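Student: This is the structure I have questions about; it appears just below.
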Amino acid sequence: MQLYEILRRPLVTEKNATLQMGGKYAFEVDKRANKMQIKEAVETAFKVTVMGVNVMNMPGKSKRMGRGMAITPNWKKAIVTLKSGDKIDLFENVQ
């Protein structure tokens with residue numbers, strides 16, 4: 001897998017904004033990616049040192065589509081802990 005296939009998008013929410021104060025950042029990642037691949041991808045893309053990676057499989061939700069129901073796809077979330085002093089500038093000015 002390529003670097004930009006692993007990291008899909010950053011997750012910008014209020015809960016993740018409070019995690020950023022502790023040096024933790026959240027990403028949506030590819031379902032096939034493991035912790036080592038995620039760590040390498042974040043270190044390469046943002047030039048930071050990763051201390052730990054936590055991964056969660058998020059289930060899809062049921063949505064109404066007209067008269068029927070549909071289910072959004074399952075996805076994987078990674079919370080990356082950086083070395084103290086490191087920051088990812090992508091997240092800093094998002095409100």
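Simple scheme: letters A, B, ... for chains in structure tokens order, numbers from 1 for residues in each chain, numbers from 1 for ligands in the order shown.
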Just want the 10 Å neighbourhood of Asn57 of chain A, counted on only C-alpha atoms, with same-chain residues fewer than 2 positions away dropped. Output as a list in words.
Tutor: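 Surrounding residues, per the criterion: Val29, Lys31, Val55, Pro59, Gly60, Asn74, Trp75, Lys76, Lys77 and Ala78 of chain A.
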Student: Per DSSP on the backbone, what are the helix (DSSP H, G or I) residues of segment 25-94 of chain A, as a PyMOL selection string?
Tutor: chain A and resi 35-46+89-92
Student: Kindly give the distance, in Å, that separates atom CA of Gly52 of chain A and atom CA of Tyr25 of chain A, rounded to a single decimal.
Tutor: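 We find that atom CA of Gly52 of chain A and atom CA of Tyr25 of chain A lie 10.8 Å from each other.
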Student: Show which residues sit within 10 Å of Thr49 of chain A, as a PDB file with N, CA and C atoms, in the first residue's frame. Count only C-alpha atoms, and ignore same-chain residues fewer than 5 positions away.
Tutor:
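So selection02.pdb came out as:
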ATOM      1  N   LYS A  39       1.911   4.175  11.492  1.00  0.00           N
ATOM      2  CA  LYS A  39       3.001   4.925  12.118  1.00  0.00           C
ATOM      3  C   LYS A  39       3.975   5.440  11.066  1.00  0.00           C
ATOM      4  N   GLU A  40       4.383   4.575  10.154  1.00  0.00           N
ATOM      5  CA  GLU A  40       5.323   4.961   9.101  1.00  0.00           C
ATOM      6  C   GLU A  40       4.732   6.036   8.188  1.00  0.00           C
ATOM      7  N   VAL A  42       2.378   8.342   8.923  1.00  0.00           N
ATOM      8  CA  VAL A  42       2.284   9.637   9.610  1.00  0.00           C
ATOM      9  C   VAL A  42       3.666  10.260   9.748  1.00  0.00           C
ATOM     10  N   GLU A  43       4.671   9.462  10.099  1.00  0.00           N
ATOM     11  CA  GLU A  43       6.026   9.992  10.244  1.00  0.00           C
ATOM     12  C   GLU A  43       6.561  10.514   8.917  1.00  0.00           C
ATOM     13  N   THR A  44       6.280   9.822   7.837  1.00  0.00           N
ATOM     14  CA  THR A  44       6.761  10.242   6.520  1.00  0.00           C
ATOM     15  C   THR A  44       6.014  11.475   6.009  1.00  0.00           C
ATOM     16  N   THR A  81      -0.415   9.121  18.747  1.00  0.00           N
ATOM     17  CA  THR A  81       0.200   9.907  19.805  1.00  0.00           C
ATOM     18  C   THR A  81       1.592  10.313  19.362  1.00  0.00           C
ATOM     19  N   LEU A  82       1.872  11.626  19.407  1.00  0.00           N
ATOM     20  CA  LEU A  82       3.162  12.140  18.982  1.00  0.00           C
ATOM     21  C   LEU A  82       4.078  12.387  20.172  1.00  0.00           C
ATOM     22  N   LYS A  83       5.378  12.478  19.878  1.00  0.00           N
ATOM     23  CA  LYS A  83       6.358  12.818  20.896  1.00  0.00           C
ATOM     24  C   LYS A  83       6.071  14.228  21.395  1.00  0.00           C
ATOM     25  N   SER A  84       6.275  14.486  22.688  1.00  0.00           N
ATOM     26  CA  SER A  84       5.972  15.814  23.225  1.00  0.00           C
ATOM     27  C   SER A  84       6.814  16.865  22.498  1.00  0.00           C
ATOM     28  N   GLY A  85       6.142  17.940  22.094  1.00  0.00           N
ATOM     29  CA  GLY A  85       6.796  19.006  21.334  1.00  0.00           C
ATOM     30  C   GLY A  85       6.503  18.952  19.845  1.00  0.00           C
ATOM     31  N   ASP A  86       6.135  17.790  19.316  1.00  0.00           N
ATOM     32  CA  ASP A  86       5.795  17.666  17.895  1.00  0.00           C
ATOM     33  C   ASP A  86       4.344  18.078  17.676  1.00  0.00           C
ATOM     34  N   LYS A  87       4.083  18.678  16.507  1.00  0.00           N
ATOM     35  CA  LYS A  87       2.728  19.080  16.135  1.00  0.00           C
ATOM     36  C   LYS A  87       2.517  18.780  14.656  1.00  0.00           C
TER      37      LYS A  87
END
Student: One decimal, in Å: what's the spacing between atom CA of Ala33 of chain A and atom CA of Pro73 of chain A?
Tutor: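 According to the coordinates, atom CA of Ala33 of chain A and atom CA of Pro73 of chain A are separated by 16.4 Å.
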Student: Just asking: which residues within chain A are strand (DSSP E) according to DSSP, as an NGL selection string?
Tutor: :A and (7-10 or 24-29 or 50-58 or 62-65 or 68-71 or 75-82)
Student: At a cut-off of 10 Å, using only C-alpha atoms, what residues contact Met1 of chain A? Leave out same-chain residues fewer than 5 positions from it and give the result as a CSV table (one decimal) with N, CA, C and O atoms, in the first residue's frame.
Tutor:
chain,number,residue,atom,x,y,z
A,6,ILE,N,-3.0,4.8,2.7
A,6,ILE,CA,-3.2,4.4,4.1
A,6,ILE,C,-3.9,5.5,4.9
A,6,ILE,O,-4.9,5.3,5.5
A,30,ASP,N,-7.1,3.3,5.9
A,30,ASP,CA,-7.5,2.2,5.2
A,30,ASP,C,-7.8,1.0,6.1
A,30,ASP,O,-7.1,0.8,7.1
A,32,ARG,N,-7.3,-2.1,5.7
A,32,ARG,CA,-6.3,-3.2,5.6
A,32,ARG,C,-5.0,-2.7,6.3
A,32,ARG,O,-4.1,-3.6,6.5
A,33,ALA,N,-4.9,-1.5,6.7
A,33,ALA,CA,-3.6,-1.0,7.3
A,33,ALA,C,-3.5,-1.4,8.7
A,33,ALA,O,-4.4,-1.5,9.5
A,37,GLN,N,2.2,0.3,9.7
A,37,GLN,CA,2.0,1.0,8.4
A,37,GLN,C,1.5,2.4,8.7
A,37,GLN,O,1.9,3.4,8.1
Student: Using only C-alpha atoms, which residue out of A:Gln2, A:Val53, A:Met36, A:Thr13 lies closest to Ile79 of chain A?
Tutor: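 Distance minimum relative to Ile79 of chain A lands on A:Val53.
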